[in-house]
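Undergrad: One structure is given below, represented as C-alpha cells, and several questions about it will come after.
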Amino acid sequence: MKLPERSRIRRIRAPLLRWYDAHRRDLPWRHSRDPYAIWISEAMLQQTRVETVIPYWERFLEAFPDVGSLARADLDQIYAVWTGLGYYSRARNLKAAAESIVADHGGQLPETPEGLATLKGIGRYTAGAVASIAFDREAPLVDGNVVRVFSRVFGIREDSSRKEIVEGLWTIADILVRGPRPGDLNQALMELGAILCTPRKPDCGACPLRRDCDALARDDAESLPVKKKKAKPRRMRAIAVHLEREGRILAVRRPEEGLMAGLWELPGGEIGPDDEARDRVCELLGASFGLQVRGVESVGRIEHVFTHRHLELEVFRSRAEPGTRVRRRDHVGHRWIRPQALLALAHAGPTRKALNLLGVTNEVSARAEGRSRR
DNA sequence: TAATCGTGGTC
DNA sequence: TGACCAAGATT
C-alpha cells in the first residue's frame with residue numbers, strides 16, 4: 001500500500017482532539033490516573049464492549065485494588081470475579097503479569113511499550129494503550145476502531161489483515177501520535193470509531209474529519225475496512241449430568257488449557273455427531289470420572305455459540321450411591337457441593353444455561369440468563 | 001498465516 | 001436469524 005503523505009496524517013490531529021474534548025464519554029477508568037487501574041480496563045476491553053466491562057472493572061478494582069493484591073490473590077478468586085466476561089486466559093495472564101511486576105519491576109508497571117509487552121497478556125495494542133494513556137508516552141496503538149477510521153479516512157481498500165497493511169496502519173498511528181497529549185490522541189481515534197465512524201451507518205455528517213475523508217468523498221465508507229470472511233462456528237455436541245449424591249452434586253474443573261480453561265462445570269463430555277446422547281452418559285462418566293450411575297433421566301438441551309464453536313449440550317439427571325468416589329482423568333479438580341454453590345464458582349455460559357434448565361438459579365445467574373434470552 | 005479463545009449486542 | 005462485530009493475545 002502507498003502510505004498517505006505525512007502532512008495529510010498530521011492534519012487530522014487538531015480536529016480529532018477538539019472533537020474528543022467535546023464528546024468523550026464519561027467512563028469510570030477515565031477518572032483514574034492509576035496505571036494499574038488503566039491496565040485492568042485495557043485487559044477487560046479486549047474484544048469486549050465498554051458497557052459490559054464497566055461493572056466488572058468496578059468489582060475487580062474493589063476486590064484487587066492494586067498490583068500487590070492481585071499478585072497475592074488465588075486464581076480462584078480472580079476467576080470468580082471474571083466469571084461471565086469471557087476469554088478467561090486474560091484473568092490468568094493478569095495474575096501472572098502482576099506477579100512479574102512485583103518480582104521483577106519493584107511493584108511498578110513498566111512505562112514503555114517495550115517493557116509492558118514483556119508481560120503476559122500485554123500485546124502490541126495494550127502496550128501502546130497503557131504507555132500512552134497511563135504514562136503519556138508517544139506510543140502508537142491500532143485496534144479495530146483505528147483500523148476502521150484509518151481505512152476510511154485514508155482510503156485503504158486492501159485486506160486489512162495482510163501484514164503489509166497492518167504495518168502501514170501502525171506506521172500511520174506512529175506518525176499521528178507524536179506530539180502533545182498522546183493518550184488523548186489515541187483515545188480520540190478509538191472514540192471516533194466507537195461513536196461516529198461505526199461499522200454500519202457511520203454518522204459522517206457529524207465527523208470532525210469529514211473534509212478530509214477519502215471514503216466519504218467516494219461514498220464507500222460502509223464497505224471499509226476490507227476484511228476476509230470468518231469461518232462459521234463448527235458444531236460440537238456434549239452432555240452434562242446433574243449427578244446427585246446425598247443432596248450434593250458433583251462439580252468438576254476443566255484443564256488449564258483450551259476451551260473454558262480452568263472453569264467449573266457439570267461432569268460429562270463431548271460426544272459424536274451421530275451418538276444417541278443418553279447411551280453415552282454411563283460410559284462417559286465411567287471413563288472420565290470413574291463413576292457408576294443408575295437411572296439416567298433426560299432434562300433437555302441447551303445451545304451455546306462461541307466464536308468458533310456451536311455447542312449443543314444435552315442435560316441429564318442421575319444419582320450416585322453414598323460413598324461413591326471420583327477418579328478424574330482430564331479434569332483438574334472436583335467437589336461435591338450444593339447445586340447453587342456451583343453458581344458461585346467460576347463457570348461459563350453453557351454451565352449457567354444447563355443449571356438454569358435444571359432449575360438451579362440465583363439472582364446473578366437469573367439476570368445473565370435473562371440477558372442471553374433477550 | 002490461521003486457529004483458538006467467550007459473551008452479548010445489533011441488524 | 002444468522003452473520004458480524006467489540007479498546008486482542010497467543011501459538
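Letters A, B, ... go to the chains of the C-alpha cells in the order shown; residues in each chain start at 1; ligands are counted from 1 in the same order.
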Starting from chain A, keep only residues with some atom at most 10 Å from an atom of chain B, counting only C-alpha atoms (C1' of nucleotides), and report them as an NGL selection string.
TA: :A and (47-49 or 52 or 84-90 or 161-163 or 200 or 258-261 or 305-308 or 348-349 or 368 or 371-372 or 374)
Undergrad: Taking only C-alpha atoms (C1' of nucleotides) into account and nothing else, which residues of chain C lie no more than 7 Å away from chain A? Please answer as a short mmCIF file (atom, residue, chain, number, x, y, z; two decimals) with all heavy atoms, in the first residue's frame.
TA:
```cif
data_model
loop_
_atom_site.label_atom_id
_atom_site.label_comp_id
_atom_site.auth_asym_id
_atom_site.auth_seq_id
_atom_site.Cartn_x
_atom_site.Cartn_y
_atom_site.Cartn_z
P DA C 6 -15.98 -3.80 15.21
OP1 DA C 6 -16.29 -2.50 14.62
OP2 DA C 6 -14.78 -4.53 14.84
"O5'" DA C 6 -15.97 -3.65 16.78
"C5'" DA C 6 -17.22 -3.54 17.43
"C4'" DA C 6 -16.94 -3.51 18.89
"O4'" DA C 6 -17.29 -4.78 19.45
"C3'" DA C 6 -15.46 -3.27 19.21
"O3'" DA C 6 -15.41 -2.09 19.98
"C2'" DA C 6 -14.98 -4.53 19.91
"C1'" DA C 6 -16.23 -5.35 20.16
N9 DA C 6 -16.16 -6.72 19.67
C8 DA C 6 -15.51 -7.18 18.55
N7 DA C 6 -15.68 -8.46 18.34
C5 DA C 6 -16.50 -8.87 19.38
C6 DA C 6 -17.05 -10.10 19.73
N6 DA C 6 -16.86 -11.20 19.03
N1 DA C 6 -17.83 -10.16 20.82
C2 DA C 6 -18.05 -9.04 21.52
N3 DA C 6 -17.58 -7.81 21.29
C4 DA C 6 -16.81 -7.80 20.21
P DA C 7 -14.49 -1.02 19.45
OP1 DA C 7 -14.96 0.21 20.05
OP2 DA C 7 -14.41 -1.14 17.94
"O5'" DA C 7 -13.07 -1.43 19.97
"C5'" DA C 7 -12.46 -0.63 21.01
"C4'" DA C 7 -11.10 -1.21 21.22
"O4'" DA C 7 -10.37 -0.29 22.01
"C3'" DA C 7 -11.16 -2.52 22.01
"O3'" DA C 7 -9.98 -3.27 21.70
"C2'" DA C 7 -11.11 -2.03 23.43
"C1'" DA C 7 -10.16 -0.83 23.30
N9 DA C 7 -10.42 0.23 24.24
C8 DA C 7 -9.75 0.48 25.41
N7 DA C 7 -10.17 1.51 26.06
C5 DA C 7 -11.20 1.98 25.26
C6 DA C 7 -12.09 3.07 25.39
N6 DA C 7 -12.07 3.92 26.42
N1 DA C 7 -13.00 3.28 24.43
C2 DA C 7 -13.01 2.44 23.39
N3 DA C 7 -12.22 1.35 23.16
C4 DA C 7 -11.35 1.20 24.14
P DG C 8 -10.12 -4.47 20.66
OP1 DG C 8 -9.80 -4.04 19.30
OP2 DG C 8 -11.43 -5.05 20.95
"O5'" DG C 8 -9.04 -5.53 21.16
"C5'" DG C 8 -7.68 -5.42 20.76
"C4'" DG C 8 -6.92 -6.34 21.67
"O4'" DG C 8 -7.53 -7.63 21.62
"C3'" DG C 8 -5.47 -6.53 21.26
"O3'" DG C 8 -4.71 -6.72 22.44
"C2'" DG C 8 -5.51 -7.77 20.38
"C1'" DG C 8 -6.64 -8.56 21.06
N9 DG C 8 -7.39 -9.39 20.12
C8 DG C 8 -7.82 -9.06 18.86
N7 DG C 8 -8.48 -10.03 18.27
C5 DG C 8 -8.49 -11.05 19.21
C6 DG C 8 -9.05 -12.35 19.16
O6 DG C 8 -9.67 -12.86 18.22
N1 DG C 8 -8.83 -13.06 20.33
C2 DG C 8 -8.16 -12.58 21.42
N2 DG C 8 -8.06 -13.40 22.45
N3 DG C 8 -7.63 -11.38 21.49
C4 DG C 8 -7.83 -10.67 20.36
P DA C 9 -3.13 -7.02 22.38
OP1 DA C 9 -2.56 -6.25 23.49
OP2 DA C 9 -2.61 -6.85 21.01
"O5'" DA C 9 -3.05 -8.57 22.76
"C5'" DA C 9 -3.65 -9.00 23.99
"C4'" DA C 9 -3.24 -10.42 24.28
"O4'" DA C 9 -4.03 -11.33 23.48
"C3'" DA C 9 -1.77 -10.74 23.97
"O3'" DA C 9 -1.29 -11.59 25.01
"C2'" DA C 9 -1.83 -11.43 22.62
"C1'" DA C 9 -3.20 -12.12 22.65
N9 DA C 9 -3.87 -12.21 21.35
C8 DA C 9 -3.96 -11.23 20.40
N7 DA C 9 -4.64 -11.59 19.34
C5 DA C 9 -5.04 -12.88 19.62
C6 DA C 9 -5.80 -13.82 18.90
N6 DA C 9 -6.32 -13.57 17.70
N1 DA C 9 -6.02 -15.02 19.47
C2 DA C 9 -5.49 -15.26 20.68
N3 DA C 9 -4.77 -14.47 21.45
C4 DA C 9 -4.57 -13.27 20.85
#
```
Undergrad: What's the separation between atom CA of A:Arg248 and atom CA of A:Leu311, in Å to one decimal place?
TA: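 According to the coordinates, atom CA of A:Arg248 and atom CA of A:Leu311 are separated by 26.5 Å.
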Undergrad: List every residue of stretch 130-332 of chain A that DSSP, applied to the backbone of this structure, places in strand (DSSP E or B), and write the result as a PyMOL selection string.
TA: chain A and resi 234-245+248-253+264-265+268-271+294-305+309-319
Undergrad: Pick from A:Leu243, A:Leu109, A:Ala188, A:Ala97: nearest to A:Glu321, with only C-alpha atoms counted?
TA: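 Among the listed residues, the smallest separation from A:Glu321 belongs to A:Leu243.
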Undergrad: What's the 10 Å shell around A:Phe64, counting only C-alpha atoms (C1' of nucleotides), without same-chain residues fewer than 6 positions away, as a list of chain:residue names?
TA: A:Ala37, A:Glu58, A:Leu70, A:Ala71, A:Arg72, A:Ala73, A:Gln77, A:Ile78, A:Val81
Undergrad: Please, could you write that set of residues out with N, CA and C atoms as a PDB file, in the first residue's frame?
TA:
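Writing the result to selection_28.pdb gives the following:
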```
ATOM      1  N   ALA A  37      -5.043   0.594  37.352  1.00  0.00           N
ATOM      2  CA  ALA A  37      -6.473   0.623  37.024  1.00  0.00           C
ATOM      3  C   ALA A  37      -6.680   0.736  35.513  1.00  0.00           C
ATOM      4  N   GLU A  58     -15.356  -2.298  37.967  1.00  0.00           N
ATOM      5  CA  GLU A  58     -15.577  -1.766  39.314  1.00  0.00           C
ATOM      6  C   GLU A  58     -15.443  -2.849  40.374  1.00  0.00           C
ATOM      7  N   LEU A  70      -3.416  -8.232  43.636  1.00  0.00           N
ATOM      8  CA  LEU A  70      -3.674  -9.146  42.520  1.00  0.00           C
ATOM      9  C   LEU A  70      -2.625 -10.257  42.487  1.00  0.00           C
ATOM     10  N   ALA A  71      -1.371  -9.892  42.736  1.00  0.00           N
ATOM     11  CA  ALA A  71      -0.292 -10.888  42.718  1.00  0.00           C
ATOM     12  C   ALA A  71      -0.501 -11.919  43.822  1.00  0.00           C
ATOM     13  N   ARG A  72      -1.011 -11.475  44.967  1.00  0.00           N
ATOM     14  CA  ARG A  72      -1.210 -12.389  46.097  1.00  0.00           C
ATOM     15  C   ARG A  72      -2.484 -13.213  45.996  1.00  0.00           C
ATOM     16  N   ALA A  73      -3.435 -12.773  45.185  1.00  0.00           N
ATOM     17  CA  ALA A  73      -4.754 -13.407  45.158  1.00  0.00           C
ATOM     18  C   ALA A  73      -4.682 -14.832  44.609  1.00  0.00           C
ATOM     19  N   GLN A  77     -10.119 -16.835  43.172  1.00  0.00           N
ATOM     20  CA  GLN A  77     -10.810 -15.572  43.484  1.00  0.00           C
ATOM     21  C   GLN A  77     -10.904 -14.695  42.241  1.00  0.00           C
ATOM     22  N   ILE A  78      -9.821 -14.679  41.461  1.00  0.00           N
ATOM     23  CA  ILE A  78      -9.800 -13.841  40.266  1.00  0.00           C
ATOM     24  C   ILE A  78     -10.813 -14.349  39.247  1.00  0.00           C
ATOM     25  N   VAL A  81     -14.398 -13.399  40.038  1.00  0.00           N
ATOM     26  CA  VAL A  81     -14.783 -12.039  39.658  1.00  0.00           C
ATOM     27  C   VAL A  81     -14.937 -11.937  38.142  1.00  0.00           C
TER      28      VAL A  81
END
```
Undergrad: Mind the document's chain letters and residue numbers, and return as JSON, numbers by chain the residues of stretch 210-352 of chain A that DSSP labels alpha helix (DSSP H).
TA: {"A": [214, 215, 216, 217, 218, 277, 278, 279, 280, 281, 282, 283, 284, 285, 286, 287, 288, 289, 349, 350, 351, 352]}
Undergrad: For the atom pair atom CA of A:Arg335 and atom CA of A:Leu250, what is the interatomic distance in Å to one decimal place?
TA: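 Spanning atom CA of A:Arg335 to atom CA of A:Leu250 is a straight-line distance of 5.8 Å.
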Undergrad: In Å to one decimal, how far is atom CA of A:Lys227 from atom CA of A:Ala173?
TA: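 Distance between the two atoms: 19.5 Å.
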Undergrad: Which residues are close to stretch 213-219 of chain A, i.e. within 10 Å by only C-alpha atoms (C1' of nucleotides), leaving aside same-chain residues fewer than 6 positions away? Reply as number ranges by chain.
TA: A: 12, 149-157, 202, 204-205, 207
Undergrad: The selected residues should be written to file as a compact mmCIF listing (two decimals), in the first residue's frame (atoms: N, CA, C and O atoms).
TA:
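Wrote result19.txt, looks like this:
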```txt
# COMPACT_ATOMS: atom_id res chain seq x y z
N ILE A 12 -5.01 15.63 10.70
CA ILE A 12 -6.24 15.25 11.43
C ILE A 12 -6.08 15.35 12.95
O ILE A 12 -7.05 15.19 13.68
N VAL A 149 -11.18 3.60 11.14
CA VAL A 149 -11.04 5.04 10.91
C VAL A 149 -9.96 5.32 9.85
O VAL A 149 -10.19 6.07 8.90
N PHE A 150 -8.80 4.68 10.00
CA PHE A 150 -7.72 4.91 9.03
C PHE A 150 -8.11 4.41 7.64
O PHE A 150 -7.84 5.05 6.63
N SER A 151 -8.74 3.23 7.58
CA SER A 151 -9.13 2.68 6.27
C SER A 151 -10.02 3.65 5.52
O SER A 151 -9.89 3.82 4.30
N ARG A 152 -10.92 4.29 6.26
CA ARG A 152 -11.86 5.21 5.62
C ARG A 152 -11.22 6.55 5.32
O ARG A 152 -11.29 7.05 4.19
N VAL A 153 -10.61 7.15 6.31
CA VAL A 153 -10.03 8.50 6.13
C VAL A 153 -8.97 8.49 5.03
O VAL A 153 -8.92 9.36 4.18
N PHE A 154 -8.11 7.46 5.05
CA PHE A 154 -7.00 7.43 4.10
C PHE A 154 -7.28 6.52 2.90
O PHE A 154 -6.38 6.26 2.09
N GLY A 155 -8.49 6.01 2.80
CA GLY A 155 -8.86 5.24 1.62
C GLY A 155 -8.05 3.97 1.40
O GLY A 155 -7.57 3.70 0.30
N ILE A 156 -7.90 3.19 2.46
CA ILE A 156 -7.16 1.92 2.34
C ILE A 156 -8.15 0.83 1.97
O ILE A 156 -9.01 0.46 2.76
N ARG A 157 -8.01 0.32 0.74
CA ARG A 157 -9.00 -0.62 0.22
C ARG A 157 -8.43 -1.99 -0.06
O ARG A 157 -8.80 -2.67 -1.01
N PRO A 202 -22.30 4.94 9.53
CA PRO A 202 -21.46 5.95 10.21
C PRO A 202 -22.09 7.34 10.10
O PRO A 202 -22.76 7.63 9.11
N CYS A 204 -21.35 10.40 9.27
CA CYS A 204 -20.31 11.21 8.61
C CYS A 204 -20.60 12.71 8.72
O CYS A 204 -19.67 13.53 8.75
N GLY A 205 -21.88 13.07 8.80
CA GLY A 205 -22.22 14.49 8.88
C GLY A 205 -21.68 15.15 10.14
O GLY A 205 -21.41 16.35 10.15
N CYS A 207 -18.88 14.15 11.66
CA CYS A 207 -17.48 13.76 11.86
C CYS A 207 -16.53 14.95 11.70
O CYS A 207 -16.61 15.71 10.74
```
